[in-house]
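S.K.: Right, I'll just put the structure down here and ask away after.
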Amino acid sequence: MKIYFNEKVEQLNNPTTVEKVITEINSLLQNTYYFSHLIVDGVEIHNDVESFLEDRLDTIQEIEVIAIPAKEFINGLLLSTEDYITRASHHLTDLAHSFSEPKTEEGWTDLADLFEGVQWLLSMAATIEESIARPSTWEQVTNQMAVLESNLPELEQALVNQDKNKISLIIKENLQPVFEKLKIEITKIIDREGERALLN
């Protein structure tokens with residue numbers, strides 16, 4: 001079995017294991033690339049890579065590793081984050097307002113979406129924090145993420161208590177300013193260190 005990545009070719013002797021294949025791929029990527037997908041004997045594999053390899057391990061001839069340079073990957077992540085924060089910021093005022101109204105069915109759904117979005121933001125921040133391509137002023141974003149995360153327990157408690165006024169207050173006074181600051185910092189990073197042409 002041959003594993004191709006960029007100009008490199010590695011030969012693995014049969015019999016081999018999925019673990020050895022994954023280890024070899026990780027060794028080729030090192031810390032400078034993020035894995036995208038594989039092309040195994042001409043077939044693109046994006047999901048359940050390990051299962052696919054396990055099922056066909058004895059017959060695989062060639063594996064081509066497709067990966068994204070770390071800086072490009074982080075840039076794409078920042079562009080997606082900027083887009084999400086921009087859209088979410090516009091909805092936060094309406095969301096806060098909906099909890100001061102008698103009828104809030106739609107507000108509860110939107111609040112669940114907000115929780116999911118915040119979890120995605122925290123996950124994104126953790127990924128960039130561990131990356132070798134971390135932006136030079138990333139600490140500004142990290143500080144805002146910490147503020148965002150610190151508000152979650154109180155918001156969750158207000159949700160459990162179905163305290164609509166408290167939910168409205170937390171969104172308006174605590175979350176909205178953080179989203180606005182995050183938007184400013186992430187936009188600055190993209191404009192200074194990133195590239196907008198990468199956004200499809």
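Ordering of the structure tokens sets the chain letters (A, B, ...), residue numbers begin anew at 1 in every chain, and ligands are numbered from 1 in the order given.
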At a cut-off of 9 Å, using only C-alpha atoms, what residues contact Glu185 in chain A? Leave out same-chain residues fewer than 5 positions from it and give the result as a PyMOL selection string.
M.R.: chain A and resi 137-138+140-141+180+190
S.K.: Could you pull the residues within 10 Å of Thr59 in chain A, counting only C-alpha atoms, minus those fewer than 2 positions along the same chain, as a PyMOL selection string?
M.R.: chain A and resi 1+14+41+53+55-57+61-62
S.K.: Taking the backbone alone, and naming residues the way the document does, which bits of range 17-101 of chain A are alpha helix (DSSP H) by DSSP, as a PyMOL selection string?
M.R.: chain A and resi 18-29+49-56+70-98
S.K.: Take CA of Lys172 in chain A and CA of Ser123 in chain A and report the distance between them in Å, one decimal.
M.R.: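 Between CA of Lys172 in chain A and CA of Ser123 in chain A the gap is 23.2 Å.
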S.K.: Do you know which residues are at most 12 Å from Glu173 in chain A counting only C-alpha atoms, after dropping those on the same chain fewer than 4 positions away, and could you put them as a PDB file with N, CA and C atoms, in the first residue's frame?
M.R.:
```
ATOM      1  N   LEU A  92     -29.896  38.842  18.220  1.00  0.00           N
ATOM      2  CA  LEU A  92     -29.884  38.891  19.684  1.00  0.00           C
ATOM      3  C   LEU A  92     -30.851  39.933  20.246  1.00  0.00           C
ATOM      4  N   THR A  93     -30.941  41.075  19.603  1.00  0.00           N
ATOM      5  CA  THR A  93     -31.884  42.113  20.063  1.00  0.00           C
ATOM      6  C   THR A  93     -33.313  41.588  20.008  1.00  0.00           C
ATOM      7  N   ALA A  96     -33.786  38.838  22.723  1.00  0.00           N
ATOM      8  CA  ALA A  96     -33.964  39.430  24.058  1.00  0.00           C
ATOM      9  C   ALA A  96     -35.363  40.022  24.186  1.00  0.00           C
ATOM     10  N   LEU A 148     -17.932  35.077  27.485  1.00  0.00           N
ATOM     11  CA  LEU A 148     -19.111  34.405  26.917  1.00  0.00           C
ATOM     12  C   LEU A 148     -19.420  33.131  27.696  1.00  0.00           C
ATOM     13  N   ASN A 151     -20.979  33.369  31.212  1.00  0.00           N
ATOM     14  CA  ASN A 151     -22.397  33.729  31.285  1.00  0.00           C
ATOM     15  C   ASN A 151     -23.339  32.540  31.096  1.00  0.00           C
ATOM     16  N   LEU A 155     -27.346  31.764  32.442  1.00  0.00           N
ATOM     17  CA  LEU A 155     -28.368  31.674  31.392  1.00  0.00           C
ATOM     18  C   LEU A 155     -29.076  30.322  31.451  1.00  0.00           C
ATOM     19  N   ASN A 165     -37.633  37.188  32.080  1.00  0.00           N
ATOM     20  CA  ASN A 165     -37.006  38.501  32.258  1.00  0.00           C
ATOM     21  C   ASN A 165     -35.494  38.381  32.431  1.00  0.00           C
ATOM     22  N   LYS A 166     -35.080  37.370  33.179  1.00  0.00           N
ATOM     23  CA  LYS A 166     -33.640  37.147  33.409  1.00  0.00           C
ATOM     24  C   LYS A 166     -32.955  36.762  32.097  1.00  0.00           C
ATOM     25  N   ILE A 167     -33.603  35.901  31.340  1.00  0.00           N
ATOM     26  CA  ILE A 167     -33.048  35.487  30.040  1.00  0.00           C
ATOM     27  C   ILE A 167     -32.871  36.715  29.151  1.00  0.00           C
ATOM     28  N   SER A 168     -33.891  37.542  29.086  1.00  0.00           N
ATOM     29  CA  SER A 168     -33.842  38.745  28.267  1.00  0.00           C
ATOM     30  C   SER A 168     -32.701  39.661  28.696  1.00  0.00           C
ATOM     31  N   LEU A 169     -32.558  39.833  30.012  1.00  0.00           N
ATOM     32  CA  LEU A 169     -31.519  40.704  30.569  1.00  0.00           C
ATOM     33  C   LEU A 169     -30.114  40.179  30.251  1.00  0.00           C
ATOM     34  N   PRO A 177     -23.016  42.485  24.074  1.00  0.00           N
ATOM     35  CA  PRO A 177     -21.737  43.199  24.024  1.00  0.00           C
ATOM     36  C   PRO A 177     -20.553  42.297  23.667  1.00  0.00           C
ATOM     37  N   VAL A 178     -20.601  41.048  24.149  1.00  0.00           N
ATOM     38  CA  VAL A 178     -19.515  40.102  23.837  1.00  0.00           C
ATOM     39  C   VAL A 178     -19.509  39.790  22.345  1.00  0.00           C
ATOM     40  N   PHE A 179     -20.669  39.533  21.781  1.00  0.00           N
ATOM     41  CA  PHE A 179     -20.759  39.258  20.344  1.00  0.00           C
ATOM     42  C   PHE A 179     -20.224  40.436  19.529  1.00  0.00           C
ATOM     43  N   GLU A 180     -20.563  41.641  19.956  1.00  0.00           N
ATOM     44  CA  GLU A 180     -20.099  42.833  19.240  1.00  0.00           C
ATOM     45  C   GLU A 180     -18.573  42.958  19.297  1.00  0.00           C
TER      46      GLU A 180
END
```
S.K.: Give me, as a ChimeraX atom specification, all polymer residues having an atom no more than 12 Å from Glu116 in chain A, counting only C-alpha atoms and skipping those fewer than 5 positions away in the same chain.
M.R.: /A:84,88,109-111,121-123,152
S.K.: May I have the selected residues written with N, CA and C atoms, as a CSV table (one decimal), in the first residue's frame?
M.R.:
```
chain,number,residue,atom,x,y,z
A,84,TYR,N,-21.1,33.9,11.1
A,84,TYR,CA,-22.0,33.5,12.2
A,84,TYR,C,-22.3,34.6,13.2
A,88,ALA,N,-25.8,36.3,14.0
A,88,ALA,CA,-26.3,36.1,15.3
A,88,ALA,C,-26.6,37.5,16.0
A,109,THR,N,-37.1,28.3,20.9
A,109,THR,CA,-36.4,27.6,19.8
A,109,THR,C,-35.1,28.4,19.4
A,110,ASP,N,-35.3,29.7,19.3
A,110,ASP,CA,-34.1,30.6,19.0
A,110,ASP,C,-33.0,30.5,20.1
A,111,LEU,N,-33.5,30.4,21.3
A,111,LEU,CA,-32.5,30.3,22.5
A,111,LEU,C,-31.7,29.0,22.4
A,121,LEU,N,-18.9,28.2,18.8
A,121,LEU,CA,-17.9,29.3,18.9
A,121,LEU,C,-16.8,28.8,19.9
A,122,LEU,N,-17.1,28.2,21.0
A,122,LEU,CA,-16.2,27.8,22.0
A,122,LEU,C,-15.3,26.7,21.4
A,123,SER,N,-15.9,25.8,20.6
A,123,SER,CA,-15.1,24.7,20.0
A,123,SER,C,-14.2,25.3,19.0
A,152,LEU,N,-22.8,31.4,30.6
A,152,LEU,CA,-23.7,30.3,30.3
A,152,LEU,C,-24.4,29.7,31.5
```
S.K.: Looking at only C-alpha atoms, which of A:His37, A:Val65, A:Thr81, A:Glu50 is the one that sits closest to Lys8 in chain A?
M.R.: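 For Lys8 in chain A, the nearest of the given residues is A:Val65.
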S.K.: Find the spatial neighbours of Ala67 in chain A, counting only C-alpha atoms, within a cut-off of 8 Å - ignore same-chain residues fewer than 5 positions away - and output them as a list in words.
M.R.: Leu29, Tyr33, Tyr34, Phe35, Ser36 and His37 of chain A
S.K.: Give me every strand (DSSP E or B) residue in range 41-178 of chain A, going by DSSP on the backbone, as a VMD selection string.
M.R.: chain A and resid 43 to 45 62 to 69
S.K.: Could you pull the residues within 12 Å of Gly107 in chain A, counting only C-alpha atoms, minus those fewer than 3 positions along the same chain, as a list in words?
M.R.: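 My reading of the contact set: His91, Leu92, Thr93, Asp94, Leu95, Ala96, His97, Ser98, Phe99, Ser100, Glu101, Pro102, Lys103, Thr104, Asp110, Leu111, Ala112, Asp113, Leu114, Leu159, Gln162, Lys164, Ile167, Ser168 and Ile171 of chain A.
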S.K.: State, in Å with one decimal place, the distance from CA of Leu182 in chain A to CA of Arg134 in chain A.
M.R.: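 One can read the CA of Leu182 in chain A to CA of Arg134 in chain A distance as 15.8 Å.
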S.K.: When you count only C-alpha atoms, which of these residues is closest to Ile39 in chain A: A:Lys2, A:Arg196, A:Lys188, A:Lys183?
M.R.: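 Among the listed residues, the smallest separation from Ile39 in chain A belongs to A:Lys2.
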S.K.: Give me, as JSON, numbers by chain, all polymer residues having an atom no more than 10 Å from Ile3 in chain A, counting only C-alpha atoms and skipping those fewer than 5 positions away in the same chain.
M.R.: {"A": [8, 9, 10, 11, 12, 21, 24, 25, 28, 38, 39, 40, 61, 62, 63, 64, 65]}
S.K.: Quick check, in Å to one decimal: how far apart do CA of Ser89 in chain A and CA of Ala126 in chain A lie?
M.R.: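 Between these atoms lies a distance of 21.3 Å.
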S.K.: Looking at only C-alpha atoms, which of A:Lys20, A:Val49, A:Gln119, A:Gly76 is the one that sits closest to Glu149 in chain A?
M.R.: A:Gln119
S.K.: Using only C-alpha atoms, which residue out of A:Asp163, A:Glu130, A:Glu156, A:Glu82 lies closest to Ile184 in chain A?
M.R.: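 Smallest distance to Ile184 in chain A is found for A:Glu82.
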